[in-house]
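**Student:** Structure file model_10.tsv (TSV, C-alpha atoms and all ligand atoms) right here:
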```tsv
chain	number	residue	atom	x	y	z
A	118	MET	CA	84.69	-88.50	-57.86
A	119	ARG	CA	85.45	-88.31	-54.14
A	120	GLY	CA	86.49	-84.67	-54.39
A	121	ARG	CA	83.43	-83.84	-56.45
A	122	SER	CA	80.89	-85.40	-54.14
A	123	ALA	CA	82.63	-83.68	-51.23
A	124	ASN	CA	81.66	-80.37	-52.87
A	125	PHE	CA	78.03	-81.34	-52.64
A	126	VAL	CA	78.15	-82.88	-49.19
A	127	GLY	CA	76.31	-79.97	-47.56
A	128	ILE	CA	73.34	-80.41	-49.88
A	129	VAL	CA	73.30	-84.20	-49.93
A	130	LEU	CA	73.24	-84.49	-46.16
A	131	LEU	CA	70.28	-82.13	-45.64
A	132	PRO	CA	67.54	-84.10	-43.90
A	133	PRO	CA	64.65	-84.89	-46.30
A	134	GLU	CA	62.09	-82.89	-44.30
A	135	ASN	CA	64.19	-79.73	-44.85
A	136	ARG	CA	64.59	-80.31	-48.57
A	137	MET	CA	60.86	-80.90	-48.95
A	138	ALA	CA	59.85	-78.05	-46.63
A	139	HIS	CA	58.54	-75.76	-49.35
A	140	ARG	CA	56.75	-78.26	-51.56
A	141	PRO	CA	53.10	-77.39	-50.92
A	142	LEU	CA	50.58	-80.07	-50.15
A	143	ILE	CA	47.93	-80.09	-52.89
A	144	VAL	CA	44.52	-80.50	-51.29
A	145	ARG	CA	41.50	-81.36	-53.45
A	146	THR	CA	38.82	-82.47	-50.99
A	147	LEU	CA	37.22	-80.91	-47.94
A	148	PRO	CA	37.94	-83.86	-45.59
A	149	ALA	CA	41.64	-83.70	-46.54
A	150	LEU	CA	41.67	-79.94	-45.97
A	151	ARG	CA	40.01	-80.35	-42.57
A	152	ARG	CA	42.56	-82.99	-41.52
A	153	THR	CA	45.45	-80.70	-42.46
A	154	ILE	CA	44.00	-77.65	-40.72
A	155	LYS	CA	43.15	-79.70	-37.61
A	156	LYS	CA	46.72	-81.00	-37.38
A	157	TRP	CA	48.20	-77.49	-37.60
A	158	ARG	CA	45.67	-76.09	-35.13
A	159	GLY	CA	46.44	-78.95	-32.75
A	160	GLY	CA	50.08	-77.91	-32.87
A	161	GLY	CA	49.08	-74.34	-32.01
A	162	GLU	CA	50.27	-73.06	-35.40
A	163	LYS	CA	48.92	-69.79	-36.77
A	164	ILE	CA	47.34	-70.13	-40.23
A	165	ALA	CA	47.06	-67.52	-43.01
A	166	LEU	CA	44.90	-67.87	-46.13
A	167	VAL	CA	45.53	-66.18	-49.48
A	168	PRO	CA	42.51	-66.68	-51.77
A	169	THR	CA	43.23	-66.54	-55.52
A	170	MET	CA	41.85	-67.66	-58.85
A	171	GLY	CA	45.30	-68.79	-60.01
A	172	ALA	CA	47.27	-67.56	-63.07
A	173	LEU	CA	49.54	-66.19	-60.38
A	174	HIS	CA	51.80	-63.17	-60.85
A	175	ALA	CA	54.06	-61.12	-58.60
A	176	GLY	CA	51.02	-59.36	-57.07
A	177	HIS	CA	49.70	-62.68	-55.74
A	178	ILE	CA	53.15	-63.72	-54.56
A	179	ALA	CA	53.49	-60.47	-52.60
A	180	LEU	CA	50.32	-61.44	-50.70
A	181	VAL	CA	51.86	-64.85	-49.98
A	182	ARG	CA	55.06	-63.27	-48.65
A	183	LEU	CA	53.06	-60.97	-46.40
A	184	ALA	CA	51.10	-64.00	-45.13
A	185	ARG	CA	54.34	-65.88	-44.46
A	186	ARG	CA	55.64	-63.05	-42.30
A	187	ARG	CA	52.48	-63.19	-40.16
A	188	ALA	CA	51.73	-66.91	-39.80
A	189	ARG	CA	53.51	-70.24	-39.42
A	190	ARG	CA	51.30	-71.90	-42.05
A	191	VAL	CA	50.17	-70.44	-45.35
A	192	VAL	CA	47.34	-71.84	-47.43
A	193	VAL	CA	46.78	-70.48	-50.94
A	194	SER	CA	43.45	-71.31	-52.53
A	195	ILE	CA	43.27	-71.59	-56.30
A	196	PHE	CA	39.69	-71.69	-57.47
A	197	VAL	CA	38.23	-70.00	-60.53
A	198	ASN	CA	34.89	-69.24	-58.97
A	199	PRO	CA	32.02	-69.62	-61.47
A	200	THR	CA	29.49	-67.75	-59.29
A	201	GLN	CA	31.32	-64.42	-59.65
A	202	PHE	CA	31.28	-64.47	-63.47
A	203	ALA	CA	28.20	-63.38	-65.44
A	204	PRO	CA	27.23	-65.64	-68.38
A	205	ASN	CA	28.75	-63.11	-70.83
A	206	GLU	CA	32.04	-62.89	-68.90
A	207	ASP	CA	35.30	-64.80	-69.23
A	208	PHE	CA	34.86	-67.81	-66.88
A	209	ALA	CA	35.56	-70.39	-69.62
A	210	ASN	CA	38.57	-68.47	-70.95
A	211	TYR	CA	39.95	-67.21	-67.64
A	212	PRO	CA	43.70	-68.09	-67.69
A	213	ARG	CA	44.48	-71.37	-65.92
A	214	ALA	CA	48.13	-72.27	-65.23
A	215	PHE	CA	48.14	-74.76	-62.37
A	216	ASP	CA	51.64	-76.19	-62.91
A	217	ALA	CA	53.30	-72.78	-63.19
A	218	ASP	CA	51.29	-71.58	-60.18
A	219	LEU	CA	52.50	-74.54	-58.15
A	220	ALA	CA	56.13	-73.86	-59.04
A	221	ALA	CA	55.74	-70.21	-57.99
A	222	LEU	CA	54.08	-71.20	-54.71
A	223	GLU	CA	56.78	-73.77	-53.99
A	224	ASN	CA	59.36	-71.00	-54.37
A	225	ALA	CA	57.37	-68.70	-52.11
A	226	GLY	CA	57.24	-71.34	-49.36
A	227	VAL	CA	53.53	-72.13	-49.23
A	228	ASP	CA	52.39	-75.03	-47.04
A	229	ALA	CA	49.19	-76.05	-48.80
A	230	VAL	CA	47.31	-75.29	-52.00
A	231	TRP	CA	43.56	-75.66	-51.64
A	232	ALA	CA	42.36	-76.38	-55.17
A	233	PRO	CA	38.90	-77.94	-55.10
A	234	ALA	CA	36.97	-78.87	-58.24
A	235	VAL	CA	33.82	-76.83	-58.88
A	236	ASP	CA	31.55	-79.64	-57.61
A	237	GLU	CA	33.61	-79.97	-54.43
A	238	MET	CA	33.01	-76.27	-53.73
A	239	TYR	CA	29.42	-76.24	-54.98
A	240	ALA	CA	27.96	-79.69	-54.39
A	241	ALA	CA	24.77	-80.76	-56.18
A	242	GLY	CA	21.82	-78.93	-54.62
A	243	PHE	CA	23.90	-75.95	-53.47
A	244	ALA	CA	21.37	-73.15	-52.89
A	245	THR	CA	22.77	-70.61	-50.41
A	246	ARG	CA	24.33	-67.26	-51.22
A	247	VAL	CA	25.92	-64.49	-49.21
A	248	VAL	CA	24.55	-61.22	-50.63
A	249	PRO	CA	26.46	-58.24	-49.23
A	250	ASP	CA	24.95	-54.76	-49.04
A	251	GLY	CA	26.64	-51.50	-47.93
A	252	VAL	CA	30.04	-51.09	-49.59
A	253	ALA	CA	29.02	-53.83	-52.07
A	254	LYS	CA	26.37	-51.39	-53.40
A	255	ALA	CA	28.65	-48.36	-53.65
A	256	GLY	CA	28.01	-47.92	-57.39
A	257	LEU	CA	31.51	-48.91	-58.50
A	258	GLU	CA	32.18	-52.53	-59.61
A	259	ASP	CA	28.62	-53.48	-58.58
A	260	ALA	CA	27.17	-51.05	-61.14
A	261	PHE	CA	28.95	-52.86	-63.98
A	262	ARG	CA	29.05	-56.43	-62.59
A	263	PRO	CA	25.81	-56.75	-60.58
A	264	HIS	CA	26.28	-60.49	-59.87
A	265	PHE	CA	29.95	-60.10	-58.85
A	266	PHE	CA	29.98	-59.41	-55.12
A	267	SER	CA	27.43	-62.06	-54.16
A	268	GLY	CA	29.66	-64.58	-55.98
A	269	VAL	CA	32.81	-63.29	-54.28
A	270	ALA	CA	31.09	-63.04	-50.88
A	271	THR	CA	29.72	-66.58	-51.12
A	272	VAL	CA	33.02	-68.18	-52.11
A	273	VAL	CA	35.18	-66.13	-49.72
A	274	THR	CA	32.83	-66.91	-46.81
A	275	LYS	CA	33.08	-70.61	-47.71
A	276	LEU	CA	36.89	-70.40	-48.00
A	277	LEU	CA	37.14	-68.71	-44.60
A	278	VAL	CA	34.92	-71.36	-43.00
A	279	GLN	CA	36.75	-74.20	-44.77
A	280	CYS	CA	40.27	-73.06	-43.92
A	281	ALA	CA	39.47	-71.41	-40.57
A	282	PRO	CA	42.55	-69.16	-40.86
A	283	ASP	CA	43.69	-66.68	-38.22
A	284	MET	CA	44.22	-64.17	-40.98
A	285	ALA	CA	43.52	-63.75	-44.68
A	286	VAL	CA	45.30	-61.44	-47.13
A	287	PHE	CA	43.62	-59.56	-49.99
A	288	GLY	CA	45.08	-57.05	-52.45
A	289	GLU	CA	44.16	-53.38	-52.60
A	290	LYS	CA	44.11	-53.92	-56.36
A	291	ASP	CA	40.47	-55.00	-55.90
A	292	PHE	CA	39.76	-52.21	-53.46
A	293	GLN	CA	35.97	-52.52	-53.26
A	294	GLN	CA	36.33	-56.32	-52.91
A	295	LEU	CA	38.68	-55.79	-49.93
A	296	LYS	CA	36.10	-53.47	-48.29
A	297	VAL	CA	33.29	-55.95	-48.97
A	298	ILE	CA	35.25	-58.76	-47.33
A	299	GLU	CA	36.07	-56.61	-44.29
A	300	GLN	CA	32.34	-55.90	-44.00
A	301	ILE	CA	31.32	-59.58	-44.30
A	302	VAL	CA	33.83	-60.61	-41.64
A	303	ALA	CA	32.57	-57.90	-39.27
A	304	ASP	CA	28.86	-58.58	-39.97
A	305	LEU	CA	29.08	-62.38	-39.68
A	306	ASP	CA	31.50	-62.33	-36.71
A	307	LEU	CA	34.01	-64.46	-38.57
A	308	PRO	CA	37.07	-64.92	-36.32
A	309	VAL	CA	39.66	-63.89	-38.89
A	310	LYS	CA	41.82	-60.80	-39.35
A	311	ILE	CA	41.65	-59.35	-42.87
A	312	THR	CA	44.84	-57.70	-44.09
A	313	GLY	CA	45.05	-55.52	-47.20
A	314	ALA	CA	48.25	-55.56	-49.27
A	315	PRO	CA	49.52	-52.79	-51.57
A	316	ILE	CA	49.17	-53.05	-55.35
A	317	VAL	CA	52.14	-54.59	-57.19
A	318	ARG	CA	52.81	-52.92	-60.54
A	319	GLU	CA	54.76	-53.52	-63.73
A	320	PRO	CA	57.77	-51.17	-64.14
A	321	ASP	CA	55.62	-48.87	-66.32
A	322	GLY	CA	52.94	-48.59	-63.61
A	323	LEU	CA	50.32	-51.01	-64.95
A	324	ALA	CA	48.78	-52.89	-62.01
A	325	MET	CA	49.58	-56.58	-62.34
A	326	SER	CA	46.54	-58.68	-63.19
A	327	SER	CA	45.89	-62.16	-64.54
A	328	ARG	CA	43.75	-60.45	-67.19
A	329	ASN	CA	46.72	-58.41	-68.53
A	330	ALA	CA	47.52	-61.58	-70.52
A	331	TYR	CA	44.51	-60.71	-72.71
A	332	LEU	CA	46.04	-57.39	-73.86
A	333	SER	CA	47.32	-57.08	-77.44
A	334	THR	CA	50.77	-55.48	-77.84
A	335	GLN	CA	49.09	-52.25	-78.90
A	336	HIS	CA	46.68	-52.18	-75.96
A	337	ARG	CA	49.44	-53.19	-73.53
A	338	ALA	CA	51.37	-50.09	-74.63
A	339	VAL	CA	48.38	-47.85	-73.83
A	340	ALA	CA	47.39	-49.60	-70.56
A	341	PRO	CA	49.78	-47.64	-68.22
A	342	THR	CA	47.75	-44.48	-69.02
A	343	LEU	CA	45.36	-45.55	-66.26
A	344	PHE	CA	47.99	-45.37	-63.51
A	345	ARG	CA	49.52	-42.20	-64.95
A	346	VAL	CA	46.15	-40.40	-64.93
A	347	LEU	CA	45.30	-41.81	-61.48
A	348	THR	CA	48.53	-40.55	-59.91
A	349	ASP	CA	48.37	-37.21	-61.72
A	350	CYS	CA	44.76	-36.54	-60.65
A	351	ALA	CA	45.40	-37.80	-57.09
A	352	ARG	CA	48.26	-35.32	-56.78
A	353	ARG	CA	46.16	-32.46	-58.15
A	354	ILE	CA	43.25	-33.27	-55.84
A	355	ALA	CA	45.61	-33.49	-52.85
A	356	ASP	CA	46.87	-30.03	-53.91
A	357	LYS	CA	43.27	-28.77	-53.63
A	358	ALA	CA	42.34	-28.72	-57.32
A	359	HIS	CA	38.59	-28.67	-58.04
A	360	VAL	CA	37.52	-32.32	-57.67
A	361	ALA	CA	34.78	-32.60	-60.34
A	362	ARG	CA	36.83	-30.71	-62.92
A	363	THR	CA	39.94	-32.81	-62.24
A	364	LEU	CA	37.91	-36.03	-62.60
A	365	ASP	CA	36.35	-34.79	-65.85
A	366	GLU	CA	39.74	-33.95	-67.31
A	367	GLY	CA	41.23	-37.28	-66.17
A	368	GLY	CA	38.25	-39.18	-67.63
A	369	ILE	CA	38.68	-37.44	-70.98
A	370	GLU	CA	42.39	-38.29	-71.01
A	371	ILE	CA	41.60	-41.97	-70.37
A	372	GLN	CA	39.01	-42.04	-73.16
A	373	THR	CA	41.29	-40.17	-75.55
A	374	ALA	CA	43.91	-42.89	-75.02
A	375	GLY	CA	41.38	-45.38	-76.40
A	376	PHE	CA	39.61	-46.73	-73.30
A	377	GLY	CA	35.90	-47.09	-72.73
A	378	LEU	CA	35.43	-45.61	-69.25
A	379	ASP	CA	33.23	-47.43	-66.72
A	380	TYR	CA	34.01	-45.13	-63.78
A	381	PHE	CA	36.65	-42.72	-62.52
A	382	GLU	CA	35.66	-41.61	-59.03
A	383	LEU	CA	36.89	-40.15	-55.78
A	384	ARG	CA	35.49	-42.03	-52.77
A	385	HIS	CA	35.93	-42.23	-49.02
A	386	ALA	CA	38.51	-44.98	-48.53
A	387	GLN	CA	36.55	-46.77	-45.77
A	388	THR	CA	32.86	-46.26	-46.60
A	389	LEU	CA	33.33	-45.83	-50.37
A	390	ALA	CA	30.79	-42.98	-50.09
A	391	LYS	CA	30.92	-40.32	-52.82
A	392	VAL	CA	32.92	-37.24	-51.84
A	393	ALA	CA	32.82	-33.86	-53.53
A	394	THR	CA	35.68	-32.24	-51.62
A	395	THR	CA	38.87	-33.35	-49.90
A	396	SER	CA	37.77	-32.25	-46.42
A	397	ASN	CA	36.77	-35.72	-45.15
A	398	GLY	CA	39.54	-38.29	-45.74
A	399	PRO	CA	40.98	-40.83	-46.12
A	400	LEU	CA	40.23	-40.77	-49.84
A	401	ARG	CA	40.72	-43.21	-52.69
A	402	LEU	CA	40.63	-42.56	-56.41
A	403	LEU	CA	39.29	-45.56	-58.35
A	404	VAL	CA	39.05	-46.37	-62.04
A	405	ALA	CA	37.64	-49.12	-64.26
A	406	ALA	CA	38.07	-48.96	-68.02
A	407	ARG	CA	37.89	-51.25	-71.02
A	408	ILE	CA	40.39	-51.56	-73.82
A	409	GLY	CA	39.73	-54.04	-76.60
A	410	ARG	CA	38.00	-56.91	-74.81
A	411	THR	CA	39.94	-56.41	-71.56
A	412	ARG	CA	38.52	-54.63	-68.53
A	413	LEU	CA	41.13	-53.10	-66.21
A	414	ILE	CA	40.69	-51.70	-62.69
A	415	ASP	CA	43.11	-49.68	-60.59
A	416	ASN	CA	43.13	-47.25	-57.67
A	417	VAL	CA	45.41	-45.03	-55.61
A	418	ALA	CA	45.27	-43.30	-52.25
A	419	VAL	CA	44.84	-39.50	-52.39
B	1	LIG	P1	42.40	-62.92	-58.07
B	1	LIG	O1	42.01	-61.93	-59.11
B	1	LIG	O2	43.18	-64.12	-58.45
B	1	LIG	O3	43.17	-62.14	-56.96
B	1	LIG	C1	43.55	-62.79	-55.78
B	1	LIG	C2	44.08	-61.75	-54.81
B	1	LIG	O4	45.24	-61.13	-55.36
B	1	LIG	C3	43.07	-60.61	-54.54
B	1	LIG	O5	43.07	-60.29	-53.17
B	1	LIG	C4	43.60	-59.49	-55.40
B	1	LIG	O6	43.25	-58.21	-54.93
B	1	LIG	C5	45.10	-59.73	-55.28
B	1	LIG	N1	45.83	-59.09	-56.38
B	1	LIG	C6	45.63	-59.25	-57.72
B	1	LIG	N2	46.47	-58.46	-58.42
B	1	LIG	C7	47.22	-57.79	-57.51
B	1	LIG	C8	48.28	-56.81	-57.60
B	1	LIG	N3	48.71	-56.37	-58.77
B	1	LIG	N4	48.82	-56.35	-56.45
B	1	LIG	C9	48.37	-56.79	-55.24
B	1	LIG	N5	47.37	-57.70	-55.10
B	1	LIG	C10	46.82	-58.18	-56.20
B	1	LIG	O7	40.32	-61.53	-56.42
B	1	LIG	C11	40.11	-62.69	-56.72
B	1	LIG	O8	41.07	-63.48	-57.34
B	1	LIG	C12	38.81	-63.41	-56.42
B	1	LIG	O9	37.76	-62.48	-56.48
B	1	LIG	C13	38.81	-64.13	-55.04
B	1	LIG	C14	38.98	-63.15	-53.88
B	1	LIG	C15	39.90	-65.20	-55.00
B	1	LIG	C16	37.44	-64.85	-54.85
B	1	LIG	O10	37.19	-65.74	-55.88
```
Take the structure in this file and express it as structure tokens.
Ligand code: PAJ

**Tutor:**
Amino acid sequence: MRGRSANFVGIVLLPPENRMAHRPLIVRTLPALRRTIKKWRGGGEKIALVPTMGALHAGHIALVRLARRRARRVVVSIFVNPTQFAPNEDFANYPRAFDADLAALENAGVDAVWAPAVDEMYAAGFATRVVPDGVAKAGLEDAFRPHFFSGVATVVTKLLVQCAPDMAVFGEKDFQQLKVIEQIVADLDLPVKITGAPIVREPDGLAMSSRNAYLSTQHRAVAPTLFRVLTDCARRIADKAHVARTLDEGGIEIQTAGFGLDYFELRHAQTLAKVATTSNGPLRLLVAARIGRTRLIDNVAV
């Protein structure tokens, strides 16, 4: 026994605060969140926020790791935000996996998980919305989900006020959403730096998404077509192929694979304005398409 415990002595003698260092604090109420933030601020610690709706995958965790490199404290919010879902959308069925999420965040070294109930976020009588214009009206996601960006803008503004982070990380996966949030922060003078993080993909190129869980085996096999067509068309456009023709051909390929196409467009990467030629970059190629009951979005730089 002596010899055996001696093998473990290095682990056993670790001070408790070190062993517990990566177990995130689960925060459910605004006063508790404020106390935590105030304590960290008082200690002069830099805070990063990673907003999510949970059902976490490697794409979310990459945002957390980026946040960890930039700030002493990392808060991840998990809140399936009802105001960004239309009545016919998947709010009720959106995947929820709090225990698995917590385990993943513990591994990633998160300090706190801000997970309010819906009535903590939207108290009785709640009647204020942030309604973004500009990039939020670019005719991409907004054309198919008209309610979406006011819901996102309202909840993200609240999260930024609640957590008062120095920085917040968002994925390029939701490219228009990232631009909308940059615009809100600039327009409302919110003292936070917004950082965009690259898209994390499955080995076959499919952009990771909580909604990929909805895909049938058959549709999952077809789903990487989106990234393949995106990269192929981006390369052709960068090589000076005719833009409209390339987009038409790419769109047909996506539909032939079995998707319903919402949009497949070349846009200016900052303003999201329509572009007909490659003369005024930086450019982004963006797609949204439906397969079965799942709607997928993706984009690449050109
Ligand atoms: P959610 O879809 O959970 O995504 C949370 C964050 O993870 C977003 O910034 C999103 O762009 C990023 N993300 C998702 N998949 C990614 C991938 N494959 N690679 C890199 N980043 C990825 O987006 C939302 O939640 C909500 O709209 C929210 C901003 C939390 C407001 O409710």

**Student:** Which residues of segment 203-255 of chain A come within 10 Å of segment 322-334 of chain A, and what is each one's closest atom pair and distance in Å (one decimal), counting all atoms listed in the file, sorted by chain and residue number, as JSON lines?

**Tutor:**
```
{"residue": "A:Asp207", "atom": "CA", "partner": "A:Arg328", "partner_atom": "CA", "distance": 9.7}
{"residue": "A:Asn210", "atom": "CA", "partner": "A:Tyr331", "partner_atom": "CA", "distance": 9.9}
{"residue": "A:Tyr211", "atom": "CA", "partner": "A:Arg328", "partner_atom": "CA", "distance": 7.8}
{"residue": "A:Pro212", "atom": "CA", "partner": "A:Ser327", "partner_atom": "CA", "distance": 7.1}
{"residue": "A:Arg213", "atom": "CA", "partner": "A:Ser327", "partner_atom": "CA", "distance": 9.4}
```

**Student:** Could you save those same residues with C-alpha atoms as an mmCIF file, keeping the file's coordinate frame?

**Tutor:**
```cif
data_model
loop_
_atom_site.group_PDB
_atom_site.id
_atom_site.type_symbol
_atom_site.label_atom_id
_atom_site.label_comp_id
_atom_site.auth_asym_id
_atom_site.auth_seq_id
_atom_site.Cartn_x
_atom_site.Cartn_y
_atom_site.Cartn_z
ATOM 1 C CA ASP A 207 35.300 -64.800 -69.230
ATOM 2 C CA ASN A 210 38.570 -68.470 -70.950
ATOM 3 C CA TYR A 211 39.950 -67.210 -67.640
ATOM 4 C CA PRO A 212 43.700 -68.090 -67.690
ATOM 5 C CA ARG A 213 44.480 -71.370 -65.920
#
```

**Student:** Given a cut-off of 8 Å, what residues near ligand LIG 1 (chain B) show up using only C-alpha atoms and all ligand atoms, put as an MDAnalysis selection string?

**Tutor:** chainID A and resid 167:177 179:180 194:198 201 268:270 272:273 286:292 294:295 313:318 324:327

**Student:** Between A:Pro263, A:Gly398, A:Pro341, A:Pro233, which residue has the minimum interatomic distance to Arg145 of chain A, considering only C-alpha atoms?

**Tutor:**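 Using only C-alpha atoms, Arg145 of chain A sits closest to A:Pro233.
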
**Student:** Which value, in Å to one decimal, gives the distance between atom CA of Lys254 of chain A and atom CA of Arg401 of chain A?

**Tutor:**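 Going from atom CA of Lys254 of chain A over to atom CA of Arg401 of chain A covers 16.5 Å.
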
**Student:** Enter the distance from atom CA of Val302 of chain A to atom CA of Ile164 of chain A, in Å, rounded to one decimal.

**Tutor:**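 Result for atom CA of Val302 of chain A versus atom CA of Ile164 of chain A: 16.6 Å, one decimal.
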
**Student:** What gap, in Å, lies between atom CA of Ala405 of chain A and atom CA of Phe344 of chain A?

**Tutor:** 11.0 Å

**Student:** Of the candidates A:Val346, A:Ala340, A:Ala221, A:Leu307, which one gets nearest to Met284 of chain A if we count only C-alpha atoms?

**Tutor:**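 Under the stated criterion, the closest residue is A:Leu307.
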
**Student:** May I have the residues within 8 Å of Phe376 of chain A as a PyMOL selection string, using all atoms listed in the file and disregarding those fewer than 3 positions away in the same chain?

**Tutor:** chain A and resi 371-373+406-408

**Student:** Select, from A:Val419, A:Asp379, A:Glu299, A:Ala386, the residue with the minimum atom-to-atom distance to Arg353 of chain A, counting all atoms listed in the file.

**Tutor:**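 That would be A:Val419, the residue with the smallest distance to Arg353 of chain A.
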
**Student:** Tell me, as JSON, numbers by chain, which residues lie within 8 Å of Ile143 of chain A, counting only C-alpha atoms; anything in the same chain fewer than 2 positions away does not count.

**Tutor:** {"A": [141, 145, 229, 230, 231, 232]}

**Student:** Please identify all polymer residues within 12 Å of segment 358-365 of chain A, counting only C-alpha atoms, omitting same-chain residues fewer than 5 positions from it, and present them as number ranges by chain.

**Tutor:** A: 346-353, 370-372, 378, 380-384, 391-396, 400, 402-404, 419

**Student:** I need the residue nearest Glu206 of chain A from this list: A:Val227, A:Arg190, A:Ile311, A:Arg410. Use all atoms listed in the file for the distance.

**Tutor:** A:Arg410

**Student:** Would you kindly return, as a JSON list (two decimals) with C-alpha atoms, keeping the file's coordinate frame, each protein, DNA or RNA residue with an atom no farther than 10 Å from any atom of Tyr239 of chain A, considering only C-alpha atoms and excluding same-chain residues fewer than 4 positions away?

**Tutor:**
```json
[["chain", "number", "residue", "atom", "x", "y", "z"],
["A", 198, "ASN", "CA", 34.89, -69.24, -58.97],
["A", 199, "PRO", "CA", 32.02, -69.62, -61.47],
["A", 200, "THR", "CA", 29.49, -67.75, -59.29],
["A", 233, "PRO", "CA", 38.90, -77.94, -55.10],
["A", 234, "ALA", "CA", 36.97, -78.87, -58.24],
["A", 235, "VAL", "CA", 33.82, -76.83, -58.88],
["A", 243, "PHE", "CA", 23.90, -75.95, -53.47],
["A", 244, "ALA", "CA", 21.37, -73.15, -52.89],
["A", 245, "THR", "CA", 22.77, -70.61, -50.41],
["A", 272, "VAL", "CA", 33.02, -68.18, -52.11],
["A", 275, "LYS", "CA", 33.08, -70.61, -47.71]]
```

**Student:** Let me make sure I understand: among A:Ala209, A:Asp304, A:His385, A:Arg412, which one has the smallest atom-to-atom distance to Arg262 of chain A if we use all atoms listed in the file?

**Tutor:**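 Smallest distance to Arg262 of chain A is found for A:Arg412.
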
**Student:** Would you save segment 281-292 of chain A from the block above with N, CA, C and O atoms, as a tab-separated table (two decimals), in the first residue's frame?

**Tutor:**
```tsv
chain	number	residue	atom	x	y	z
A	281	ALA	N	-20.12	42.57	-18.98
A	281	ALA	CA	-19.13	43.65	-19.10
A	281	ALA	C	-17.74	43.12	-19.44
A	281	ALA	O	-16.75	43.45	-18.77
A	282	PRO	N	-17.62	42.31	-20.48
A	282	PRO	CA	-16.30	41.73	-20.79
A	282	PRO	C	-15.40	42.75	-21.50
A	282	PRO	O	-15.89	43.71	-22.09
A	283	ASP	N	-14.09	42.50	-21.44
A	283	ASP	CA	-13.15	43.31	-22.23
A	283	ASP	C	-13.24	42.90	-23.69
A	283	ASP	O	-13.01	43.71	-24.58
A	284	MET	N	-13.49	41.62	-23.90
A	284	MET	CA	-13.59	41.12	-25.27
A	284	MET	C	-14.66	40.03	-25.36
A	284	MET	O	-14.98	39.38	-24.35
A	285	ALA	N	-15.19	39.85	-26.56
A	285	ALA	CA	-16.14	38.76	-26.80
A	285	ALA	C	-15.79	38.11	-28.12
A	285	ALA	O	-15.37	38.78	-29.06
A	286	VAL	N	-15.94	36.77	-28.17
A	286	VAL	CA	-15.52	36.02	-29.35
A	286	VAL	C	-16.76	35.43	-30.04
A	286	VAL	O	-17.61	34.82	-29.40
A	287	PHE	N	-16.80	35.61	-31.36
A	287	PHE	CA	-17.89	35.08	-32.19
A	287	PHE	C	-17.28	34.35	-33.39
A	287	PHE	O	-16.21	34.73	-33.88
A	288	GLY	N	-17.96	33.32	-33.87
A	288	GLY	CA	-17.44	32.54	-34.99
A	288	GLY	C	-17.77	33.15	-36.34
A	288	GLY	O	-18.84	33.73	-36.52
A	289	GLU	N	-16.86	32.98	-37.28
A	289	GLU	CA	-17.13	33.40	-38.66
A	289	GLU	C	-18.17	32.50	-39.32
A	289	GLU	O	-18.67	32.81	-40.39
A	290	LYS	N	-18.46	31.37	-38.68
A	290	LYS	CA	-19.51	30.48	-39.19
A	290	LYS	C	-20.79	31.27	-39.46
A	290	LYS	O	-21.45	31.09	-40.46
A	291	ASP	N	-21.15	32.15	-38.49
A	291	ASP	CA	-22.32	33.01	-38.65
A	291	ASP	C	-21.79	34.39	-39.05
A	291	ASP	O	-21.72	35.30	-38.24
A	292	PHE	N	-21.40	34.49	-40.32
A	292	PHE	CA	-20.61	35.64	-40.74
A	292	PHE	C	-21.40	36.94	-40.65
A	292	PHE	O	-20.90	37.94	-40.14
```
